[in-house]
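The file model-v1.txt contains compact mmCIF, C-alpha atoms:
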```txt
# COMPACT_ATOMS: atom_id res chain seq x y z
CA MET A 1 13.08 11.14 15.62
CA LEU A 2 10.70 9.06 17.73
CA LEU A 3 10.81 11.69 20.44
CA VAL A 4 9.92 14.40 17.91
CA LEU A 5 7.01 12.24 16.73
CA ALA A 6 5.84 11.63 20.30
CA VAL A 7 5.91 15.34 21.13
CA LEU A 8 4.18 16.30 17.87
CA PHE A 9 1.33 13.80 18.11
CA GLY A 10 1.02 14.03 21.89
CA GLU A 11 0.50 17.77 21.58
CA LEU A 12 -1.97 17.38 18.72
CA SER A 13 -3.88 14.80 20.75
CA LEU A 14 -4.90 17.47 23.23
CA LEU A 15 -5.48 20.07 20.50
CA ALA A 16 -7.76 18.01 18.31
CA ILE A 17 -10.99 19.75 19.27
CA GLY A 18 -12.99 18.41 16.38
CA GLY A 19 -11.38 14.99 16.42
CA ALA A 20 -8.38 13.61 14.60
CA SER A 21 -9.31 15.06 11.21
CA SER A 22 -9.43 18.65 12.41
CA THR A 23 -5.71 18.49 13.23
CA LEU A 24 -4.86 17.42 9.66
CA PRO A 25 -3.85 20.99 8.76
CA ALA A 26 -1.45 21.00 11.72
CA MET A 27 -0.13 17.54 10.84
CA GLU A 28 0.38 18.53 7.24
CA ARG A 29 2.22 21.68 8.26
CA ALA A 30 4.54 19.79 10.64
CA ILE A 31 5.11 16.74 8.43
CA VAL A 32 5.24 18.30 4.97
CA VAL A 33 6.25 21.93 5.44
CA ASN A 34 8.39 22.02 8.58
CA HIS A 35 10.10 18.63 8.63
CA HIS A 36 9.91 17.71 4.91
CA TRP A 37 9.22 14.11 5.88
CA MET A 38 7.03 13.60 2.79
CA SER A 39 5.38 15.51 -0.04
CA ALA A 40 1.85 16.92 0.15
CA ALA A 41 0.71 14.36 -2.43
CA GLU A 42 2.21 11.51 -0.39
CA PHE A 43 0.44 12.90 2.67
CA ALA A 44 -2.89 12.80 0.81
CA ARG A 45 -2.18 9.30 -0.54
CA LEU A 46 -1.41 7.90 2.92
CA PHE A 47 -4.59 9.53 4.19
CA GLY A 48 -6.50 7.92 1.33
CA LEU A 49 -5.04 4.49 2.13
CA ALA A 50 -6.00 4.90 5.78
CA GLN A 51 -9.55 5.78 4.71
CA ALA A 52 -9.71 2.76 2.44
CA ALA A 53 -8.71 0.38 5.23
CA PRO A 54 -11.41 -0.70 7.65
CA GLY A 55 -11.16 1.39 10.77
CA PRO A 56 -11.23 4.93 12.07
CA ASN A 57 -9.41 7.62 10.12
CA VAL A 58 -7.06 8.09 13.07
CA LEU A 59 -5.29 5.25 11.25
CA ALA A 60 -3.84 7.99 9.06
CA VAL A 61 -1.69 8.90 12.07
CA THR A 62 -0.45 5.30 12.16
CA LEU A 63 0.54 5.52 8.50
CA PHE A 64 2.23 8.91 8.87
CA GLY A 65 4.27 7.47 11.77
CA TRP A 66 5.07 4.37 9.76
CA ARG A 67 6.20 6.35 6.75
CA ILE A 68 8.39 8.61 8.90
CA ALA A 69 10.03 6.06 11.20
CA GLY A 70 8.85 2.54 10.33
CA LEU A 71 7.05 0.26 12.76
CA PRO A 72 8.32 2.06 15.89
CA GLY A 73 7.13 5.32 14.32
CA ALA A 74 3.67 3.86 13.71
CA ALA A 75 3.45 2.63 17.30
CA VAL A 76 4.71 5.88 18.81
CA ALA A 77 2.52 8.14 16.66
CA THR A 78 -0.66 6.11 17.28
CA THR A 79 -0.10 5.71 21.02
CA THR A 80 0.90 9.29 21.73
CA PHE A 81 -1.97 10.59 19.63
CA LEU A 82 -4.58 8.46 21.42
CA LEU A 83 -3.48 8.06 25.02
CA PRO A 84 -3.83 11.61 26.38
CA SER A 85 -7.22 12.25 24.81
CA CYS A 86 -8.64 8.82 25.67
CA CYS A 87 -7.71 9.21 29.35
CA LEU A 88 -9.42 12.59 29.35
CA ALA A 89 -12.49 11.17 27.57
CA TYR A 90 -12.76 8.41 30.17
CA ALA A 91 -12.50 10.90 33.00
CA VAL A 92 -15.02 13.35 31.54
CA GLY A 93 -17.49 10.95 29.88
CA GLY A 94 -19.36 10.07 33.06
CA THR A 95 -19.54 13.66 34.25
CA TRP A 96 -21.06 14.79 30.97
CA ALA A 97 -23.83 12.22 31.30
CA ARG A 98 -24.51 13.22 34.93
CA ILE A 99 -24.70 16.92 34.14
CA GLY A 100 -27.66 16.28 31.87
CA ASP A 101 -29.05 18.83 29.48
CA THR A 102 -28.02 21.93 31.39
CA ARG A 103 -27.41 25.40 30.01
CA ALA A 104 -23.66 25.16 30.71
CA ARG A 105 -23.45 22.02 28.63
CA ARG A 106 -25.38 23.54 25.76
CA VAL A 107 -23.13 26.58 25.83
CA VAL A 108 -19.99 24.43 25.63
CA ALA A 109 -21.44 22.36 22.81
CA ALA A 110 -22.78 25.37 20.93
CA GLY A 111 -19.50 27.22 21.43
CA LEU A 112 -17.25 24.46 20.20
CA LEU A 113 -19.32 23.26 17.25
CA PRO A 114 -18.43 26.26 15.05
CA VAL A 115 -14.72 25.88 15.89
CA THR A 116 -14.90 22.23 14.88
CA ALA A 117 -16.79 23.10 11.73
CA GLY A 118 -14.18 25.67 10.71
CA LEU A 119 -11.23 23.36 11.39
CA MET A 120 -12.87 20.45 9.60
CA LEU A 121 -13.66 22.60 6.58
CA ALA A 122 -10.02 23.67 6.54
CA ALA A 123 -8.94 20.01 6.72
CA GLY A 124 -11.33 19.06 3.92
CA VAL A 125 -10.27 21.85 1.58
CA LEU A 126 -6.61 21.25 2.34
CA LEU A 127 -6.86 17.53 1.64
CA VAL A 128 -8.74 18.14 -1.60
CA ARG A 129 -5.98 20.56 -2.60
CA ASP A 130 -3.27 18.00 -1.75
CA ALA A 131 -5.04 15.11 -3.46
CA ALA A 132 -6.19 17.00 -6.54
CA THR A 133 -3.35 16.92 -9.01
CA ASP A 134 -5.52 18.07 -11.93
CA TRP A 135 -9.12 18.96 -12.78
CA ARG A 136 -10.11 15.31 -12.95
CA SER A 137 -9.07 14.37 -9.43
CA ALA A 138 -10.44 17.70 -8.19
CA SER A 139 -13.85 16.99 -9.70
CA LEU A 140 -13.65 13.42 -8.36
CA ALA A 141 -13.16 14.78 -4.82
CA ILE A 142 -15.96 17.34 -5.19
CA GLY A 143 -18.22 14.68 -6.72
CA VAL A 144 -17.64 12.31 -3.78
CA ALA A 145 -18.37 15.12 -1.33
CA ALA A 146 -21.60 16.06 -3.14
CA GLY A 147 -22.67 12.43 -3.54
CA THR A 148 -22.08 11.68 0.15
CA LEU A 149 -24.14 14.68 1.17
CA ALA A 150 -26.96 14.07 -1.27
CA THR A 151 -27.51 10.35 -0.67
CA LYS A 152 -27.56 7.90 2.23
CA ARG A 153 -25.23 5.56 0.43
CA HIS A 154 -22.40 4.01 2.44
CA PRO A 155 -19.18 6.06 2.35
CA LEU A 156 -17.24 2.96 1.26
CA TRP A 157 -19.29 2.89 -1.91
CA PHE A 158 -17.97 6.33 -2.83
CA LEU A 159 -14.38 5.40 -1.93
CA ALA A 160 -14.59 2.31 -4.11
CA ALA A 161 -16.09 4.36 -6.91
CA ALA A 162 -13.30 6.93 -6.58
CA ALA A 163 -10.61 4.22 -6.62
CA GLY A 164 -12.30 2.66 -9.65
CA ALA A 165 -12.45 6.00 -11.43
CA GLY A 166 -8.75 6.50 -10.65
CA LEU A 167 -7.95 3.07 -12.05
CA LEU A 168 -9.70 4.03 -15.28
CA GLY A 169 -7.48 7.06 -15.50
CA PHE A 170 -9.95 9.54 -14.11
CA GLY A 171 -7.91 10.73 -11.17
CA MET B 1 -15.36 -2.76 10.46
CA GLY B 2 -15.48 0.93 9.85
CA PHE B 3 -14.56 1.24 6.22
CA GLY B 4 -13.94 4.68 4.87
CA GLY B 5 -13.42 6.58 8.08
CA VAL B 6 -15.56 5.76 11.01
CA LEU B 7 -17.39 9.00 11.75
CA PRO B 8 -19.82 9.04 8.81
CA MET B 9 -20.18 5.29 9.12
CA ILE B 10 -20.69 5.07 12.88
CA ARG B 11 -23.43 7.62 12.46
CA HIS B 12 -24.97 5.55 9.69
CA VAL B 13 -24.85 2.29 11.67
CA MET B 14 -25.83 3.65 15.07
CA VAL B 15 -28.55 6.03 13.94
CA VAL B 16 -29.90 4.87 10.59
CA GLU B 17 -29.37 1.09 10.63
CA ARG B 18 -29.34 -0.18 14.22
CA ARG B 19 -31.05 2.73 15.92
CA TRP B 20 -28.95 2.34 19.07
CA GLN B 21 -29.27 6.06 19.40
CA THR B 22 -31.47 8.77 18.00
CA ALA B 23 -29.92 11.39 15.78
CA ALA B 24 -30.15 13.84 18.69
CA GLU B 25 -28.40 11.47 21.13
CA PHE B 26 -25.70 10.79 18.60
CA SER B 27 -25.21 14.50 17.97
CA ASP B 28 -25.00 14.96 21.72
CA MET B 29 -22.29 12.31 22.07
CA ILE B 30 -20.44 13.70 19.05
CA ALA B 31 -20.68 17.15 20.60
CA LEU B 32 -18.99 15.78 23.72
CA CYS B 33 -16.33 14.03 21.66
CA GLN B 34 -15.71 17.23 19.76
CA PHE B 35 -15.56 19.21 22.95
CA LEU B 36 -12.95 16.74 24.15
CA PRO B 37 -9.64 16.89 22.36
CA GLY B 38 -8.42 13.86 20.44
CA ALA B 39 -9.63 11.38 17.88
CA ASN B 40 -13.36 11.60 18.36
CA VAL B 41 -14.09 8.04 17.28
CA ALA B 42 -11.64 6.80 19.90
CA ASN B 43 -13.32 9.07 22.44
CA LEU B 44 -16.68 7.79 21.27
CA ALA B 45 -15.49 4.21 21.85
CA VAL B 46 -14.09 5.05 25.28
CA ILE B 47 -17.26 6.85 26.40
CA PHE B 48 -19.79 4.48 24.82
CA GLY B 49 -17.80 1.53 26.25
CA ALA B 50 -17.64 3.14 29.68
CA ARG B 51 -21.40 3.76 29.71
CA ARG B 52 -22.10 0.12 28.97
CA CYS B 53 -19.48 -1.62 31.18
CA GLY B 54 -17.01 0.75 32.74
CA ALA B 55 -13.26 0.81 32.17
CA ALA B 56 -13.29 -2.71 30.73
CA GLY B 57 -15.91 -1.60 28.24
CA SER B 58 -13.74 1.35 27.23
CA ALA B 59 -10.67 -0.81 26.77
CA ALA B 60 -12.65 -3.41 24.83
CA ALA B 61 -14.28 -0.82 22.58
CA LEU B 62 -10.94 0.85 21.89
CA ALA B 63 -9.18 -2.45 21.22
CA GLY B 64 -12.04 -3.52 18.97
CA LEU B 65 -11.93 -0.23 17.15
CA LEU B 66 -8.18 -0.25 16.56
CA GLY B 67 -6.66 -3.73 16.84
CA ALA B 68 -7.47 -5.33 13.52
CA PRO B 69 -7.59 -2.05 11.55
CA VAL B 70 -4.04 -1.12 12.59
CA ALA B 71 -2.74 -4.51 11.46
CA ILE B 72 -4.67 -4.33 8.19
CA VAL B 73 -3.63 -0.79 7.35
CA LEU B 74 0.03 -1.67 7.93
CA VAL B 75 -0.24 -4.62 5.55
CA LEU B 76 -1.99 -2.35 3.06
CA VAL B 77 0.70 0.32 3.18
CA ARG B 78 3.41 -2.32 2.73
CA LEU B 79 1.64 -3.57 -0.37
CA TYR B 80 1.35 -0.01 -1.58
CA GLU B 81 5.06 0.64 -1.07
CA ARG B 82 5.86 -2.59 -2.88
CA PHE B 83 3.52 -2.14 -5.85
CA GLY B 84 3.01 1.61 -5.76
CA MET B 85 5.26 2.17 -8.75
CA LEU B 86 2.88 0.24 -10.99
CA ALA B 87 0.69 2.58 -13.00
CA PRO B 88 -2.70 0.96 -12.18
CA VAL B 89 -1.94 0.95 -8.45
CA ARG B 90 -0.74 4.53 -8.60
CA HIS B 91 -3.89 5.64 -10.41
CA MET B 92 -6.13 3.75 -8.05
CA VAL B 93 -4.48 5.28 -4.98
CA ALA B 94 -4.71 8.73 -6.56
CA GLY B 95 -8.45 8.24 -7.08
CA LEU B 96 -8.71 6.91 -3.55
CA SER B 97 -7.01 9.92 -2.01
CA ALA B 98 -9.27 12.27 -3.98
CA GLY B 99 -12.30 10.31 -2.77
CA ALA B 100 -11.08 10.29 0.84
CA ALA B 101 -10.54 14.04 0.68
CA GLY B 102 -14.08 14.42 -0.64
CA LEU B 103 -15.45 12.36 2.27
CA ILE B 104 -13.74 14.61 4.81
CA LEU B 105 -15.13 17.65 3.02
CA ALA B 106 -18.62 16.13 3.16
CA THR B 107 -18.25 15.36 6.88
CA ALA B 108 -17.12 18.94 7.47
CA ILE B 109 -20.13 20.34 5.61
CA ARG B 110 -22.43 18.03 7.55
CA ILE B 111 -20.98 19.31 10.81
CA ALA B 112 -21.32 22.90 9.63
CA LEU B 113 -24.91 22.58 8.37
CA PRO B 114 -26.61 23.06 11.77
CA LEU B 115 -24.84 26.43 11.95
CA ARG B 116 -26.89 27.93 9.15
CA GLY B 117 -29.09 30.61 10.56
CA SER B 118 -26.61 31.35 13.35
CA LEU B 119 -24.53 34.38 12.49
CA ARG B 120 -22.30 33.75 15.50
CA GLY B 121 -21.61 30.16 14.50
CA LEU B 122 -20.98 30.98 10.88
CA ALA B 123 -18.61 33.80 11.81
CA VAL B 124 -16.55 31.59 14.14
CA ALA B 125 -16.46 28.74 11.61
CA ALA B 126 -15.38 31.16 8.88
CA ALA B 127 -12.67 32.60 11.13
CA GLY B 128 -11.36 29.14 11.99
CA PHE B 129 -11.43 28.08 8.36
CA ALA B 130 -9.66 31.25 7.23
CA ALA B 131 -7.01 31.12 9.96
CA VAL B 132 -6.03 27.48 9.58
CA GLY B 133 -7.10 26.70 6.04
CA LEU B 134 -6.44 29.86 4.05
CA LEU B 135 -3.87 31.88 5.98
CA GLY B 136 -1.94 28.89 7.34
CA LEU B 137 -1.70 30.45 10.79
CA PRO B 138 -0.16 28.21 13.47
CA PHE B 139 -2.67 25.69 14.73
CA LEU B 140 -2.17 25.88 18.50
CA PRO B 141 -2.56 29.66 18.90
CA SER B 142 -5.45 29.72 16.42
CA VAL B 143 -7.43 27.12 18.33
CA LEU B 144 -6.55 28.61 21.72
CA ALA B 145 -7.66 32.05 20.52
CA LEU B 146 -10.83 30.99 18.73
CA ALA B 147 -12.29 28.52 21.24
CA PRO B 148 -12.66 30.97 24.18
CA VAL B 149 -14.12 33.64 21.88
CA SER B 150 -16.64 31.15 20.53
CA LEU B 151 -17.53 29.95 24.03
CA ALA B 152 -18.00 33.54 25.23
CA LEU B 153 -20.23 34.29 22.24
CA ALA B 154 -22.25 31.15 22.91
CA ALA B 155 -22.60 32.08 26.58
CA THR B 156 -24.00 35.52 25.75
CA ALA B 157 -26.30 34.24 23.01
CA PRO B 158 -29.92 33.50 23.91
CA ASP B 159 -30.23 29.94 25.19
CA GLN B 160 -31.64 27.71 22.50
CA ARG B 161 -32.05 23.99 22.92
CA ARG B 162 -31.82 23.19 19.28
CA GLY B 163 -28.59 25.18 18.99
CA GLN B 164 -26.27 22.38 20.02
CA ALA B 165 -27.28 19.82 17.42
```
Can you give me the file's structure in the form of structure tokens?
Amino acid sequence: MLLVLAVLFGELSLLAIGGASSTLPAMERAIVVNHHWMSAAEFARLFGLAQAAPGPNVLAVTLFGWRIAGLPGAAVATTTFLLPSCCLAYAVGGTWARIGDTRARRVVAAGLLPVTAGLMLAAGVLLVRDAATDWRSASLAIGVAAGTLATKRHPLWFLAAAAGAGLLGFG
Amino acid sequence: MGFGGVLPMIRHVMVVERRWQTAAEFSDMIALCQFLPGANVANLAVIFGARRCGAAGSAAALAGLLGAPVAIVLVLVRLYERFGMLAPVRHMVAGLSAGAAGLILATAIRIALPLRGSLRGLAVAAAGFAAVGLLGLPFLPSVLALAPVSLALAATAPDQRRGQA
């Protein structure tokens, strides 16, 4: 089990072009569809809890690992997801700064941005689908997205508002 | 202290509040972190830490980013498992997960916004979205197929400085 987790998250670590969130579709497929470790709704709830906690949303990986294989699962999932990419980031970070604003760098950035955008949009839509059990939670998710885009309000404000709305039965 | 997912918040703190970086510099660093595989906030911490004080800076930034949050989130999930069957808790977490999904959607749209006006960018983004999001094609082959195509398209497009934002 732990080995399966390590392979899964280790592989995703090096595939996560747009960051952790862009691999959510792949995580969901592996965790929910292939391995049946949890339901899609549980997947979305754990993601929501990770977002509500202070910290990066890579914490969702910690919670998925925890839910699948307890504390060892949390440790294995988090470590294998972070270690490969962080080593690479450390190795490449300095080079990127030294290269400066060259054409090659702009091409790489301009070439990868649309890929990231597409994967992130897929992750966003997929999560909304998983989290939205009815029209109320669907409109809550869309409302948070619209509110975040339209204002400069802190994201936590919207999360708190969403949790509050859920508590009042609107979710 | 990155409540609610760090990416929107780091941007807010670094660019809007503290002005450690301009929006362009931040976009540049995000572009690098997106070009690199992996959790981009962790990459951001590693790279920002390394620029300030080398490997120690990276380790410190990463530990600072993850140490307390991991502990807190594990306590939180234990509480949730313990009290999750209670209706108010269940409703709150349902609202929370809808809100969190909305935040990711907003972040995605924010990332996609600079693409407007670029047919190439929009086409690649749409292809990626359709492959992974709508058709449920396997992730690894989709990314490995799309990334080189997008890079080739970007390489043949006229060079534009604003294009990488």
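Closest approach to chain B among A:Pro84, A:Gly111, A:Pro72, A:Gly10: A:Gly111, based on only C-alpha atoms.
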I need every residue sitting at most 10 Å from the point (-7.4, 11.6, 16.5) (coordinates as in the file, all atoms listed in the file considered), written as a PyMOL selection string.
(chain A and resi 9+12-24+56-61+78+81-82+85-86) or (chain B and resi 37-43)
Taking all atoms listed in the file into account, which residues of chain A are within 6 Å of chain B, as a PyMOL selection string?
chain A and resi 13-20+26+44-45+48+51-57+85-86+89+93+106-107+109-111+114-115+117-122+124+127-128+131+137+141-142+144-145+155-156+159+162-163+166-167+171
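Coordinates place atom CA of A:Ala75 at a distance of 7.0 Å from atom CA of A:Thr62.
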Using only C-alpha atoms for the distances, tell me which of A:Ala41, A:Leu5, A:Leu88, A:Ala104 is nearest to A:Gly65.
A:Leu5
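Coordinates place atom CA of A:Phe64 at a distance of 8.3 Å from atom CA of A:Phe47.
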The distance between atom CA of A:Met38 and atom CA of A:Ala69 is 11.7 Å
Can you find the residues with an atom no farther than 9 Å from (-23.4, 8.6, -9.2), counting all atoms listed in the file, and report them as an MDAnalysis selection string?
chainID A and resid 143:144 147 158 161
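Proximity to A:His35 at 12 Å, evaluated using only C-alpha atoms and with sequence-adjacent residues fewer than 6 positions away removed, yields A:Met1, A:Val4, A:Leu5, A:Leu8, A:Met27, A:Glu28, A:Arg29, A:Ile68.
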Please fill the gaps in stretch 132-161 of chain B so it has N, CA and C atoms, and write that as a CSV table (one decimal), in the frame of the given file.
```csv
chain,number,residue,atom,x,y,z
B,132,VAL,N,-6.8,28.7,9.7
B,132,VAL,CA,-6.0,27.5,9.6
B,132,VAL,C,-5.9,27.1,8.1
B,133,GLY,N,-7.0,27.2,7.4
B,133,GLY,CA,-7.1,26.7,6.0
B,133,GLY,C,-6.5,27.6,5.0
B,134,LEU,N,-6.9,28.9,5.1
B,134,LEU,CA,-6.4,29.9,4.0
B,134,LEU,C,-5.1,30.6,4.4
B,135,LEU,N,-5.0,31.1,5.6
B,135,LEU,CA,-3.9,31.9,6.0
B,135,LEU,C,-2.7,31.0,6.5
B,136,GLY,N,-3.0,29.8,6.8
B,136,GLY,CA,-1.9,28.9,7.3
B,136,GLY,C,-1.3,29.4,8.7
B,137,LEU,N,-2.2,30.0,9.5
B,137,LEU,CA,-1.7,30.4,10.8
B,137,LEU,C,-1.4,29.2,11.7
B,138,PRO,N,-0.5,29.3,12.6
B,138,PRO,CA,-0.2,28.2,13.5
B,138,PRO,C,-1.4,27.7,14.2
B,139,PHE,N,-1.5,26.4,14.3
B,139,PHE,CA,-2.7,25.7,14.7
B,139,PHE,C,-3.0,26.0,16.2
B,140,LEU,N,-2.0,25.8,17.0
B,140,LEU,CA,-2.2,25.9,18.5
B,140,LEU,C,-2.7,27.2,18.9
B,141,PRO,N,-2.0,28.3,18.5
B,141,PRO,CA,-2.6,29.7,18.9
B,141,PRO,C,-3.9,29.9,18.3
B,142,SER,N,-4.2,29.5,17.1
B,142,SER,CA,-5.4,29.7,16.4
B,142,SER,C,-6.6,29.1,17.2
B,143,VAL,N,-6.4,27.8,17.6
B,143,VAL,CA,-7.4,27.1,18.3
B,143,VAL,C,-7.6,27.7,19.7
B,144,LEU,N,-6.5,28.1,20.4
B,144,LEU,CA,-6.6,28.6,21.7
B,144,LEU,C,-7.2,30.0,21.7
B,145,ALA,N,-7.1,30.7,20.6
B,145,ALA,CA,-7.7,32.0,20.5
B,145,ALA,C,-9.1,32.0,20.2
B,146,LEU,N,-9.5,31.0,19.3
B,146,LEU,CA,-10.8,31.0,18.7
B,146,LEU,C,-11.8,30.3,19.7
B,147,ALA,N,-11.4,29.3,20.4
B,147,ALA,CA,-12.3,28.5,21.2
B,147,ALA,C,-12.9,29.4,22.4
B,148,PRO,N,-12.1,30.1,23.1
B,148,PRO,CA,-12.7,31.0,24.2
B,148,PRO,C,-13.6,32.0,23.6
B,149,VAL,N,-13.3,32.6,22.5
B,149,VAL,CA,-14.1,33.6,21.9
B,149,VAL,C,-15.5,33.0,21.5
B,150,SER,N,-15.4,31.8,20.9
B,150,SER,CA,-16.6,31.2,20.5
B,150,SER,C,-17.5,30.8,21.8
B,151,LEU,N,-16.8,30.3,22.8
B,151,LEU,CA,-17.5,30.0,24.0
B,151,LEU,C,-18.2,31.2,24.6
B,152,ALA,N,-17.5,32.3,24.7
B,152,ALA,CA,-18.0,33.5,25.2
B,152,ALA,C,-19.2,34.0,24.4
B,153,LEU,N,-19.1,33.9,23.1
B,153,LEU,CA,-20.2,34.3,22.2
B,153,LEU,C,-21.4,33.4,22.5
B,154,ALA,N,-21.2,32.1,22.7
B,154,ALA,CA,-22.2,31.2,22.9
B,154,ALA,C,-22.9,31.4,24.3
B,155,ALA,N,-22.1,31.8,25.2
B,155,ALA,CA,-22.6,32.1,26.6
B,155,ALA,C,-23.5,33.3,26.6
B,156,THR,N,-23.2,34.3,25.7
B,156,THR,CA,-24.0,35.5,25.8
B,156,THR,C,-25.2,35.4,24.8
B,157,ALA,N,-25.2,34.4,23.9
B,157,ALA,CA,-26.3,34.2,23.0
B,157,ALA,C,-27.5,33.7,23.8
B,158,PRO,N,-28.7,34.0,23.2
B,158,PRO,CA,-29.9,33.5,23.9
B,158,PRO,C,-29.9,32.0,23.9
B,159,ASP,N,-30.3,31.4,25.1
B,159,ASP,CA,-30.2,29.9,25.2
B,159,ASP,C,-31.2,29.3,24.2
B,160,GLN,N,-30.7,28.4,23.4
B,160,GLN,CA,-31.6,27.7,22.5
B,160,GLN,C,-31.3,26.2,22.5
B,161,ARG,N,-32.3,25.4,22.8
B,161,ARG,CA,-32.0,24.0,22.9
B,161,ARG,C,-31.6,23.3,21.6
```
